[in-house]
file target-v5.txt (compact mmCIF, C-alpha atoms)
# COMPACT_ATOMS: atom_id res chain seq x y z
CA MET D 19 -68.35 -24.68 55.43
CA ILE D 20 -66.26 -27.56 56.76
CA GLU D 21 -68.40 -30.11 54.88
CA LYS D 22 -68.01 -28.15 51.65
CA GLU D 23 -64.30 -27.88 52.39
CA GLU D 24 -64.07 -31.64 52.90
CA ILE D 25 -65.64 -32.26 49.50
CA LEU D 26 -63.18 -29.83 47.89
CA ILE D 27 -60.26 -31.56 49.63
CA LYS D 28 -61.42 -35.01 48.54
CA GLU D 29 -61.80 -33.82 44.97
CA SER D 30 -58.39 -32.15 45.10
CA ARG D 31 -56.85 -35.38 46.36
CA SER D 32 -58.25 -37.17 43.38
CA GLY D 33 -56.44 -34.64 41.19
CA GLU D 34 -59.17 -32.10 40.42
CA ALA D 35 -57.32 -28.82 39.99
CA GLY D 36 -60.55 -26.83 39.92
CA SER D 37 -61.43 -27.85 43.47
CA PHE D 38 -57.99 -26.92 44.75
CA GLY D 39 -58.41 -23.64 42.87
CA LYS D 40 -61.46 -22.92 45.04
CA LEU D 41 -59.47 -23.68 48.20
CA TYR D 42 -56.74 -21.39 46.87
CA ASP D 43 -59.26 -18.56 46.41
CA ILE D 44 -60.57 -19.00 49.96
CA TYR D 45 -57.27 -19.16 51.80
CA GLN D 46 -54.68 -17.37 49.68
CA PRO D 47 -55.39 -13.83 51.03
CA GLN D 48 -55.01 -14.79 54.69
CA ILE D 49 -51.88 -16.87 54.08
CA TYR D 50 -50.42 -13.96 52.13
CA ARG D 51 -51.24 -11.58 55.02
CA PHE D 52 -49.66 -13.94 57.54
CA ILE D 53 -46.45 -14.13 55.52
CA PHE D 54 -46.41 -10.46 54.59
CA LEU D 55 -46.56 -9.44 58.24
CA LYS D 56 -43.61 -11.68 59.02
CA VAL D 57 -41.25 -10.76 56.19
CA SER D 58 -40.00 -7.38 55.05
CA ARG D 59 -40.81 -7.23 51.37
CA LYS D 60 -43.89 -7.71 49.26
CA GLU D 61 -41.93 -9.79 46.71
CA GLU D 62 -40.77 -12.16 49.43
CA ALA D 63 -44.31 -12.51 50.73
CA GLU D 64 -45.56 -13.27 47.22
CA ASP D 65 -42.83 -15.79 46.59
CA LEU D 66 -43.40 -17.59 49.88
CA THR D 67 -47.20 -17.58 49.42
CA HIS D 68 -46.75 -19.16 46.02
CA GLN D 69 -44.44 -21.79 47.53
CA VAL D 70 -46.98 -22.59 50.26
CA PHE D 71 -49.79 -23.29 47.80
CA LEU D 72 -47.53 -25.15 45.41
CA SER D 73 -46.35 -27.38 48.24
CA ALA D 74 -49.93 -27.88 49.46
CA TRP D 75 -51.15 -28.85 45.98
CA GLN D 76 -48.26 -31.22 45.35
CA ASN D 77 -48.70 -32.94 48.72
CA ILE D 78 -52.48 -32.85 48.97
CA LYS D 79 -52.64 -36.67 48.93
CA LYS D 80 -50.77 -36.75 52.23
CA TYR D 81 -53.24 -34.41 53.90
CA GLN D 82 -55.52 -36.13 56.39
CA ILE D 83 -58.91 -34.60 57.10
CA ARG D 84 -59.22 -33.80 60.78
CA LYS D 85 -61.44 -31.65 62.98
CA PHE D 86 -59.49 -28.47 62.19
CA PRO D 87 -60.00 -26.50 58.96
CA PHE D 88 -57.73 -26.86 55.94
CA SER D 89 -56.21 -23.48 56.78
CA SER D 90 -54.46 -25.02 59.82
CA TRP D 91 -52.38 -27.17 57.47
CA LEU D 92 -51.66 -24.19 55.22
CA TYR D 93 -50.56 -22.08 58.20
CA ARG D 94 -48.20 -24.82 59.31
CA ILE D 95 -46.64 -24.96 55.83
CA ALA D 96 -46.43 -21.14 55.79
CA LYS D 97 -44.81 -21.04 59.21
CA ASN D 98 -42.16 -23.55 58.10
CA LYS D 99 -41.54 -21.66 54.86
CA VAL D 100 -40.93 -18.43 56.78
CA ILE D 101 -38.55 -20.24 59.16
CA ASP D 102 -36.66 -21.68 56.16
CA PHE D 103 -36.61 -18.24 54.56
CA TYR D 104 -34.98 -16.63 57.58
CA ARG D 105 -32.58 -19.54 57.91
CA THR D 106 -31.36 -19.33 54.33
CA SER D 107 -31.41 -15.56 53.81
CA LYS D 108 -29.14 -13.90 56.32
CA ASN D 109 -30.06 -10.39 55.17
CA ASN D 110 -32.88 -9.29 57.40
CA ILE D 111 -34.07 -6.14 55.74
CA SER D 112 -35.30 -3.37 57.99
CA ILE D 113 -39.00 -2.65 58.06
CA GLU D 114 -38.13 0.95 57.17
CA LEU D 115 -37.44 -0.24 53.63
CA VAL D 116 -41.08 -1.26 53.17
CA ASN D 117 -42.44 1.19 50.67
CA GLU D 118 -45.92 2.56 50.28
CA SER D 119 -46.62 0.55 47.13
CA GLU D 120 -46.94 -2.54 49.28
CA PHE D 121 -50.21 -1.22 50.61
CA LYS D 122 -51.69 -0.36 47.23
CA ASN D 123 -54.50 -2.89 47.53
CA LEU D 124 -56.28 -1.08 50.31
CA PRO D 125 -59.99 -0.31 49.63
CA SER D 126 -60.24 3.42 48.87
CA PRO D 127 -57.67 6.14 48.06
CA GLU D 128 -58.59 8.07 51.25
CA MET D 129 -58.11 5.05 53.40
CA LYS D 130 -54.89 4.10 51.63
CA THR D 131 -52.81 6.95 53.01
CA GLU D 132 -54.33 6.93 56.46
CA ASN D 133 -54.36 3.19 56.92
CA SER D 134 -51.07 2.50 55.21
CA LEU D 135 -49.35 4.67 57.80
CA GLU D 136 -51.19 2.92 60.59
CA ILE D 137 -50.44 -0.50 59.16
CA LYS D 138 -46.79 0.38 58.65
CA LYS D 139 -46.58 1.50 62.28
CA VAL D 140 -48.10 -1.73 63.61
CA LYS D 141 -46.03 -3.87 61.26
CA LYS D 142 -42.87 -2.12 62.43
CA ALA D 143 -43.85 -2.68 66.06
CA MET D 144 -44.54 -6.33 65.34
CA SER D 145 -41.06 -6.77 63.88
CA PHE D 146 -39.68 -6.31 67.43
CA MET D 147 -41.56 -9.35 68.65
CA ASN D 148 -40.33 -12.92 68.29
CA GLN D 149 -41.74 -15.27 65.64
CA GLU D 150 -44.02 -17.04 68.11
CA GLN D 151 -45.54 -13.82 69.39
CA GLN D 152 -46.04 -12.58 65.83
CA ASP D 153 -47.81 -15.82 64.89
CA VAL D 154 -50.19 -15.60 67.83
CA ILE D 155 -50.98 -11.92 67.31
CA ILE D 156 -51.69 -12.37 63.60
CA MET D 157 -53.81 -15.47 64.01
CA ARG D 158 -55.75 -14.27 67.06
CA PHE D 159 -56.30 -10.57 66.30
CA VAL D 160 -55.90 -10.16 62.57
CA GLU D 161 -57.55 -13.38 61.46
CA ASP D 162 -59.82 -13.88 64.52
CA MET D 163 -58.92 -17.53 64.85
CA PRO D 164 -59.97 -19.44 68.00
CA THR D 165 -57.26 -20.22 70.56
CA LYS D 166 -57.75 -23.95 70.05
CA GLU D 167 -56.94 -23.73 66.35
CA VAL D 168 -53.90 -21.50 66.97
CA ALA D 169 -52.70 -24.02 69.56
CA ASN D 170 -53.07 -26.83 67.03
CA ILE D 171 -51.14 -24.93 64.35
CA LEU D 172 -48.29 -23.95 66.66
CA GLY D 173 -48.23 -27.32 68.44
CA LYS D 174 -48.81 -25.80 71.90
CA SER D 175 -51.45 -25.96 74.60
CA GLU D 176 -54.25 -23.42 74.76
CA GLY D 177 -52.86 -22.12 78.04
CA ALA D 178 -49.46 -21.52 76.44
CA ILE D 179 -51.11 -19.61 73.58
CA LYS D 180 -53.00 -17.38 76.04
CA LEU D 181 -49.76 -16.64 77.86
CA ILE D 182 -47.91 -15.81 74.63
CA GLN D 183 -50.85 -13.60 73.58
CA HIS D 184 -50.82 -11.72 76.87
CA ARG D 185 -47.08 -11.07 76.70
CA ALA D 186 -47.21 -10.15 73.01
CA LEU D 187 -50.00 -7.62 73.50
CA ASN D 188 -48.18 -5.97 76.38
CA LYS D 189 -45.00 -5.80 74.33
CA LEU D 190 -46.84 -4.38 71.33
CA LYS D 191 -48.54 -1.77 73.51
CA LYS D 192 -45.22 -0.72 74.98
CA ILE D 193 -43.52 -0.48 71.57
CA LEU D 194 -46.40 1.49 70.05
CA GLU D 195 -46.42 3.89 73.00
CA GLU D 196 -42.66 4.40 72.72
CA ASN D 197 -42.94 4.98 68.97
CA ASN D 198 -45.77 7.47 69.47
CA GLY D 199 -43.66 9.32 72.00
CA GLU D 200 -40.73 9.50 69.57
CA ASN D 201 -42.98 10.71 66.74
CA ASN D 202 -44.48 13.44 68.94
CA GLN D 203 -40.99 14.59 69.90
CA THR D 204 -39.83 14.83 66.26
CA ALA D 205 -43.05 16.63 65.28
CA MET Y 27 -55.60 -2.38 74.77
CA GLU Y 28 -58.74 -1.82 72.70
CA LYS Y 29 -56.88 0.63 70.51
CA ILE Y 30 -54.23 -1.98 69.80
CA THR Y 31 -56.75 -4.66 68.85
CA LYS Y 32 -58.45 -2.11 66.58
CA GLN Y 33 -55.10 -1.32 64.98
CA LEU Y 34 -54.44 -5.02 64.51
CA LYS Y 35 -57.82 -5.48 62.86
CA GLU Y 36 -56.74 -2.88 60.33
CA LEU Y 37 -54.06 -5.28 59.15
CA LYS Y 38 -56.81 -7.42 57.68
CA ARG Y 39 -57.01 -4.87 54.88
CA ILE Y 40 -53.73 -6.19 53.52
CA SER Y 41 -54.42 -8.23 50.44
CA PRO Y 42 -52.23 -9.68 47.70
CA ASP Y 43 -51.78 -8.12 44.29
CA LYS Y 44 -54.44 -9.32 41.83
CA ASP Y 45 -51.96 -9.96 39.02
CA PHE Y 46 -49.74 -11.98 41.35
CA THR Y 47 -52.75 -14.01 42.56
CA LYS Y 48 -53.85 -14.79 39.01
CA GLU Y 49 -50.39 -15.82 37.88
CA SER Y 50 -49.56 -17.84 41.01
CA ARG Y 51 -52.92 -19.67 40.90
CA LEU Y 52 -52.34 -20.67 37.29
CA LEU Y 53 -48.81 -21.88 38.00
CA VAL Y 54 -49.83 -23.87 41.08
CA LEU Y 55 -52.76 -25.62 39.42
CA SER Y 56 -50.79 -26.45 36.28
CA SER Y 57 -48.05 -28.22 38.25
CA PRO Y 58 -48.35 -32.01 38.51
CA LEU Y 59 -49.44 -33.75 41.70
CA ARG Y 60 -46.82 -35.83 43.47
CA PRO Y 61 -47.69 -39.52 43.65
CA PHE Y 62 -48.43 -40.81 47.14
CA SER Y 63 -45.34 -42.44 48.56
CA TRP Y 64 -44.43 -44.05 51.84
CA MET Y 65 -42.85 -41.24 53.77
CA PRO Y 66 -40.83 -41.70 57.00
CA GLU Y 67 -43.80 -40.34 59.00
CA GLN Y 68 -46.10 -43.02 57.59
CA ILE Y 69 -43.51 -45.75 58.27
CA ALA Y 70 -43.11 -44.41 61.81
CA GLU Y 71 -46.90 -44.50 62.26
CA ILE Y 72 -47.04 -48.14 61.10
CA VAL Y 73 -44.14 -49.12 63.39
CA LYS Y 74 -45.87 -47.39 66.31
CA TYR Y 75 -49.11 -49.23 65.53
CA ILE Y 76 -47.39 -52.64 65.25
CA THR Y 77 -45.51 -52.06 68.53
CA ALA Y 78 -48.71 -51.10 70.33
CA VAL Y 79 -50.57 -54.15 68.99
CA SER Y 80 -47.76 -56.60 69.85
CA MET Y 81 -47.32 -55.17 73.36
CA THR Y 82 -51.06 -55.40 74.01
CA THR Y 83 -51.12 -59.01 72.73
CA GLY Y 84 -48.17 -59.90 74.97
CA LEU Y 85 -49.89 -58.39 77.98
CA ILE Y 86 -53.13 -60.29 77.26
CA ILE Y 87 -51.19 -63.60 76.93
CA LEU Y 88 -49.40 -62.88 80.21
CA ILE Y 89 -52.68 -62.18 82.03
CA ILE Y 90 -54.41 -65.28 80.61
CA GLY Y 91 -51.35 -67.46 81.41
CA GLY Y 92 -51.24 -66.12 84.95
CA PHE Y 93 -54.90 -66.87 85.56
CA SER Y 94 -54.66 -70.40 84.20
CA PHE Y 95 -51.61 -71.06 86.43
CA LEU Y 96 -53.53 -69.86 89.48
CA GLN Y 97 -56.44 -72.08 88.58
CA ARG Y 98 -54.23 -75.16 88.13
CA SER Y 99 -52.35 -74.99 91.44
CA PRO Y 100 -54.54 -75.23 94.63
CA VAL Y 101 -52.34 -73.12 96.89
CA PRO Y 102 -50.04 -71.39 94.44
CA LEU Y 103 -48.36 -69.01 96.80
CA MET Y 104 -47.54 -71.55 99.57
CA ILE Y 105 -43.87 -72.20 100.38
CA THR Y 106 -42.80 -75.84 100.14
CA GLY Y 107 -41.68 -75.81 103.83
CA LEU Y 108 -45.18 -74.81 104.91
CA ASP Y 109 -46.89 -77.74 103.21
CA ILE Y 110 -48.68 -79.55 106.10
CA LYS Y 111 -48.76 -82.94 104.36
CA ALA Y 112 -45.07 -82.78 103.60
CA LEU Y 113 -44.30 -81.76 107.18
CA LYS Y 114 -46.38 -84.65 108.61
CA ALA Y 115 -44.67 -87.17 106.36
CA GLU Y 116 -41.30 -85.74 107.36
CA ALA Y 117 -42.16 -86.01 111.11
CA GLU Y 118 -43.32 -89.63 110.76
CA SER Y 119 -40.19 -90.62 108.91
CA LEU Y 120 -38.15 -88.86 111.63
CA GLY Y 121 -39.73 -91.07 114.43
CA ILE Y 122 -38.89 -94.25 112.55
CA ASP Y 123 -35.36 -92.99 112.05
CA VAL Y 124 -34.96 -92.35 115.81
CA SER Y 125 -36.14 -95.85 116.85
CA ILE Y 126 -33.93 -97.49 114.24
CA SER Y 127 -30.93 -95.55 115.50
CA LYS Y 128 -31.73 -96.57 119.12
CA LEU Y 129 -31.88 -100.24 118.17
CA GLU Y 130 -28.60 -99.88 116.35
CA TYR Y 131 -27.07 -98.27 119.47
CA TYR Y 132 -28.28 -101.04 121.78
CA ASN Y 133 -26.93 -103.70 119.48
CA GLU Y 134 -23.60 -102.00 119.20
CA SER Y 135 -23.32 -101.22 122.97
CA SER Y 136 -24.18 -104.80 124.14
CA GLU Y 137 -21.58 -106.18 121.77
CA LYS Y 138 -19.03 -103.71 123.11
CA VAL Y 139 -19.85 -104.63 126.74
CA ASN Y 140 -19.46 -108.35 126.00
CA ILE Y 141 -16.12 -107.73 124.31
CA ALA Y 142 -14.95 -105.60 127.26
CA LEU Y 143 -15.96 -108.26 129.85
CA ASP Y 144 -14.26 -111.05 127.88
CA GLN Y 145 -11.17 -108.93 127.61
CA THR Y 146 -11.19 -108.21 131.38
CA ILE Y 147 -11.51 -111.86 132.27
CA LYS Y 148 -8.72 -112.75 129.90
CA ASP Y 149 -6.43 -110.08 131.37
CA ASP Y 150 -7.02 -111.55 134.91
CA PRO Y 151 -7.14 -108.31 136.99
CA VAL Y 152 -6.48 -108.14 140.77
CA TYR Y 153 -10.15 -107.80 141.76
CA PHE Y 154 -10.94 -111.04 139.93
CA GLN Y 155 -8.30 -113.08 141.80
CA LYS Y 156 -9.82 -116.03 143.65
CA ILE Y 157 -8.39 -115.28 147.17
CA ILE Y 158 -9.62 -111.70 147.20
CA LEU Y 159 -13.03 -112.71 146.00
CA GLU Y 160 -13.42 -115.36 148.68
CA LYS Y 161 -12.33 -112.93 151.41
CA GLU Y 162 -14.90 -110.38 150.30
CA THR Y 163 -17.58 -113.03 150.02
CA ASP Y 164 -17.05 -113.93 153.70
CA SER Y 165 -17.57 -110.37 154.89
CA VAL Y 166 -20.72 -109.95 152.75
CA LYS Y 167 -23.51 -112.02 154.23
CA LEU Y 168 -26.25 -111.98 151.68
CA GLU Y 169 -28.93 -113.63 153.96
CA ASP Y 170 -28.37 -110.97 156.74
CA PRO Y 171 -28.00 -107.47 155.23
CA THR Y 172 -27.42 -105.73 158.62
CA ASN Y 173 -23.94 -104.71 159.69
CA LYS Y 174 -23.44 -105.53 163.37
CA ASN Y 175 -20.53 -103.15 163.78
CA ILE Y 176 -22.69 -100.17 162.68
CA ASP Y 177 -25.51 -101.23 165.00
CA ARG Y 178 -23.12 -101.40 167.86
CA ALA Y 179 -21.72 -97.94 167.12
CA LEU Y 180 -25.22 -96.42 166.97
CA ASN Y 181 -26.19 -97.98 170.30
CA GLU Y 182 -23.07 -96.49 171.90
CA ILE Y 183 -24.13 -92.99 170.66
CA PHE Y 184 -27.72 -93.17 171.96
CA LYS Y 185 -26.80 -94.46 175.40
call {"tool": "encode", "arguments": {"input": "target-v5.txt", "output": "structure tokens"}}
result
Amino acid sequence: MIEKEEILIKESRSGEAGSFGKLYDIYQPQIYRFIFLKVSRKEEAEDLTHQVFLSAWQNIKKYQIRKFPFSSWLYRIAKNKVIDFYRTSKNNISIELVNESEFKNLPSPEMKTENSLEIKKVKKAMSFMNQEQQDVIIMRFVEDMPTKEVANILGKSEGAIKLIQHRALNKLKKILEENNGENNQTA
Amino acid sequence: MEKITKQLKELKRISPDKDFTKESRLLVLSSPLRPFSWMPEQIAEIVKYITAVSMTTGLIILIIGGFSFLQRSPVPLMITGLDIKALKAEAESLGIDVSISKLEYYNESSEKVNIALDQTIKDDPVYFQKIILEKETDSVKLEDPTNKNIDRALNEIFK
């Protein structure tokens, strides 16, 4: 996979749009997911995802092939884009405003309703965590990335990532339990 | 905790809109590539590399220079005062200096004594007057060193 990826990167660097198109197809869904889970609206996630790939394509000649996959570079760009987004837009929209249409690409109609509620619940809980904790949770548990790669993307040691992960999971558990308690009371 | 990880796995079902993906892909790939330019990071990398190389070279020169200096001097760390040869030479020169100074002293002192004696004779002191000298010469009998008065006194005591 990495070898094939290296060929695609080399071809992209020489200006072959088709090769970058293949890299786009491989990594666009996970970069979109990463951004979507960190911002409130689908439109914002789409806009930022587009910016990430545009920036990657325009600066592909600067990219240096290293032992980590190409996605590490894309995640770093995405992370910076989200930081810039929150810095420039002061209006942090509540997660409550996320509507059901944002989950329309789920596999089957039955799963849509059930999972969209579940996803919304987790996404809301995640919004109470800081950016660093969100990054670690998404990369480690949603995308199943190894700790070493997450550490490389976030510029931290593996030990630090494990610590952030531990704290984030505990926080998430607590928030979800509190939310469940509130929901049971209202029901 | 398992339930949470399972819930988090569910988030993987989130995927972008197909129309958006199609449109974005087309827009990205149709945009021109930026030409490679020397960015501050690259300049910083070069500066770092040059600094490292020059510092290493300097260190190597210093080590080589140090070794060659040690090889050239036989006892490089010896203090000048502890140099045996120098000390010996200094001691020998000191002995010569002492004897020269003694000779100088004797010369000077004999001259001074002569001057003093001449001066005394010229001044004609009491103890050099002829009458006194003759009187003393009579009482001092050089051929018979015994004093008869003392002998007589001793005999009186032991009687």
call {"tool": "residues_around", "arguments": {"input": "target-v5.txt", "residues": "Leu66 (chain D)", "least_positions_apart": "2", "cutoff": "8 Å", "atoms": "all atoms listed in the file", "output": "ChimeraX atom specification"}}
result
/D:53,62-64,68-70,96,99-100
call {"tool": "closest_atom_pairs", "arguments": {"input": "target-v5.txt", "of": "chain Y", "to": "chain D", "cutoff": "10 Å", "atoms": "only C-alpha atoms", "output": "tab-separated table"}}
result
residue	atom	partner	partner_atom	distance
Y:Met27	CA	D:Lys191	CA	7.2
Y:Lys29	CA	D:Lys191	CA	9.2
Y:Ile30	CA	D:Lys191	CA	6.8
Y:Thr31	CA	D:Phe159	CA	6.5
Y:Lys32	CA	D:Phe159	CA	8.7
Y:Gln33	CA	D:Val140	CA	7.1
Y:Leu34	CA	D:Val160	CA	5.7
Y:Lys35	CA	D:Val160	CA	5.1
Y:Glu36	CA	D:Ile137	CA	6.8
Y:Leu37	CA	D:Ile137	CA	6.0
Y:Lys38	CA	D:Val160	CA	5.7
Y:Arg39	CA	D:Leu124	CA	6.0
Y:Ile40	CA	D:Arg51	CA	6.1
Y:Ser41	CA	D:Pro47	CA	5.7
Y:Pro42	CA	D:Pro47	CA	6.2
Y:Asp43	CA	D:Asn123	CA	6.7
Y:Lys44	CA	D:Asn123	CA	8.6
Y:Phe46	CA	D:Glu64	CA	7.3
Y:Thr47	CA	D:Gln46	CA	8.1
Y:Lys48	CA	D:Asp43	CA	9.9
Y:Glu49	CA	D:His68	CA	9.5
Y:Ser50	CA	D:His68	CA	5.9
Y:Arg51	CA	D:Gly39	CA	7.1
Y:Leu52	CA	D:Gly39	CA	8.8
Y:Leu53	CA	D:Leu72	CA	8.2
Y:Val54	CA	D:Leu72	CA	5.1
Y:Leu55	CA	D:Ala35	CA	5.6
Y:Ser56	CA	D:Ala35	CA	7.9
Y:Ser57	CA	D:Gln76	CA	7.7
Y:Pro58	CA	D:Gln76	CA	6.9
Y:Leu59	CA	D:Gln76	CA	4.6
Y:Arg60	CA	D:Gln76	CA	5.2
Y:Pro61	CA	D:Lys79	CA	7.8
Y:Phe62	CA	D:Lys79	CA	6.2
Y:Ser63	CA	D:Lys80	CA	8.7
Y:Trp64	CA	D:Lys80	CA	9.7
Y:Met65	CA	D:Lys80	CA	9.2
Y:Gln68	CA	D:Lys80	CA	9.5
call {"tool": "atom_distance", "arguments": {"input": "target-v5.txt", "atom1": "CA of Ile25 (chain D)", "atom2": "CA of Phe88 (chain D)"}}
result
11.5 Å
call {"tool": "atom_distance", "arguments": {"input": "target-v5.txt", "atom1": "CA of Lys189 (chain D)", "atom2": "CA of Met147 (chain D)"}}
result
7.5 Å
call {"tool": "atom_distance", "arguments": {"input": "target-v5.txt", "atom1": "CA of Leu172 (chain D)", "atom2": "CA of Asp153 (chain D)"}}
result
8.3 Å
call {"tool": "residues_around", "arguments": {"input": "target-v5.txt", "residues": "Phe86 (chain D)", "least_positions_apart": "3", "cutoff": "10 Å", "atoms": "all atoms listed in the file", "output": "list in words"}}
result
Ile20, Ile83, Ser89, Ser90, Trp91, Lys166, Glu167, Asn170 and Ile171 of chain D
call {"tool": "build_atoms", "arguments": {"input": "target-v5.txt", "residues": "region 133-150 of chain D", "atoms": "N, CA and C atoms", "output": "PDB file, keeping the file's coordinate frame"}}
result
ATOM      1  N   ASN D 133     -54.558   4.543  56.405  1.00  0.00           N
ATOM      2  CA  ASN D 133     -54.360   3.190  56.920  1.00  0.00           C
ATOM      3  C   ASN D 133     -52.970   2.649  56.651  1.00  0.00           C
ATOM      4  N   SER D 134     -52.410   3.030  55.516  1.00  0.00           N
ATOM      5  CA  SER D 134     -51.070   2.500  55.210  1.00  0.00           C
ATOM      6  C   SER D 134     -50.067   2.945  56.262  1.00  0.00           C
ATOM      7  N   LEU D 135     -50.255   4.174  56.749  1.00  0.00           N
ATOM      8  CA  LEU D 135     -49.350   4.670  57.800  1.00  0.00           C
ATOM      9  C   LEU D 135     -49.564   3.898  59.100  1.00  0.00           C
ATOM     10  N   GLU D 136     -50.827   3.666  59.379  1.00  0.00           N
ATOM     11  CA  GLU D 136     -51.190   2.920  60.590  1.00  0.00           C
ATOM     12  C   GLU D 136     -50.662   1.489  60.522  1.00  0.00           C
ATOM     13  N   ILE D 137     -50.882   0.881  59.357  1.00  0.00           N
ATOM     14  CA  ILE D 137     -50.440  -0.500  59.160  1.00  0.00           C
ATOM     15  C   ILE D 137     -48.916  -0.583  59.256  1.00  0.00           C
ATOM     16  N   LYS D 138     -48.260   0.364  58.635  1.00  0.00           N
ATOM     17  CA  LYS D 138     -46.790   0.380  58.650  1.00  0.00           C
ATOM     18  C   LYS D 138     -46.276   0.467  60.094  1.00  0.00           C
ATOM     19  N   LYS D 139     -46.963   1.299  60.873  1.00  0.00           N
ATOM     20  CA  LYS D 139     -46.580   1.500  62.280  1.00  0.00           C
ATOM     21  C   LYS D 139     -46.714   0.193  63.078  1.00  0.00           C
ATOM     22  N   VAL D 140     -47.846  -0.472  62.879  1.00  0.00           N
ATOM     23  CA  VAL D 140     -48.100  -1.730  63.610  1.00  0.00           C
ATOM     24  C   VAL D 140     -47.130  -2.815  63.133  1.00  0.00           C
ATOM     25  N   LYS D 141     -46.938  -2.851  61.827  1.00  0.00           N
ATOM     26  CA  LYS D 141     -46.030  -3.870  61.260  1.00  0.00           C
ATOM     27  C   LYS D 141     -44.611  -3.667  61.799  1.00  0.00           C
ATOM     28  N   LYS D 142     -44.211  -2.426  61.897  1.00  0.00           N
ATOM     29  CA  LYS D 142     -42.870  -2.120  62.430  1.00  0.00           C
ATOM     30  C   LYS D 142     -42.776  -2.575  63.887  1.00  0.00           C
ATOM     31  N   ALA D 143     -43.823  -2.279  64.637  1.00  0.00           N
ATOM     32  CA  ALA D 143     -43.850  -2.680  66.060  1.00  0.00           C
ATOM     33  C   ALA D 143     -43.795  -4.195  66.180  1.00  0.00           C
ATOM     34  N   MET D 144     -44.494  -4.861  65.290  1.00  0.00           N
ATOM     35  CA  MET D 144     -44.540  -6.330  65.340  1.00  0.00           C
ATOM     36  C   MET D 144     -43.182  -6.954  65.029  1.00  0.00           C
ATOM     37  N   SER D 145     -42.377  -6.225  64.244  1.00  0.00           N
ATOM     38  CA  SER D 145     -41.060  -6.770  63.880  1.00  0.00           C
ATOM     39  C   SER D 145     -40.134  -6.892  65.095  1.00  0.00           C
ATOM     40  N   PHE D 146     -40.489  -6.221  66.210  1.00  0.00           N
ATOM     41  CA  PHE D 146     -39.680  -6.310  67.430  1.00  0.00           C
ATOM     42  C   PHE D 146     -40.067  -7.525  68.297  1.00  0.00           C
ATOM     43  N   MET D 147     -41.125  -8.175  67.884  1.00  0.00           N
ATOM     44  CA  MET D 147     -41.560  -9.350  68.650  1.00  0.00           C
ATOM     45  C   MET D 147     -40.945 -10.610  68.052  1.00  0.00           C
ATOM     46  N   ASN D 148     -40.873 -11.665  68.848  1.00  0.00           N
ATOM     47  CA  ASN D 148     -40.330 -12.920  68.290  1.00  0.00           C
ATOM     48  C   ASN D 148     -41.354 -13.608  67.379  1.00  0.00           C
ATOM     49  N   GLN D 149     -40.891 -14.597  66.628  1.00  0.00           N
ATOM     50  CA  GLN D 149     -41.740 -15.270  65.640  1.00  0.00           C
ATOM     51  C   GLN D 149     -43.025 -15.842  66.259  1.00  0.00           C
ATOM     52  N   GLU D 150     -42.883 -16.421  67.422  1.00  0.00           N
ATOM     53  CA  GLU D 150     -44.020 -17.040  68.110  1.00  0.00           C
ATOM     54  C   GLU D 150     -45.089 -16.005  68.472  1.00  0.00           C
TER      55      GLU D 150
END
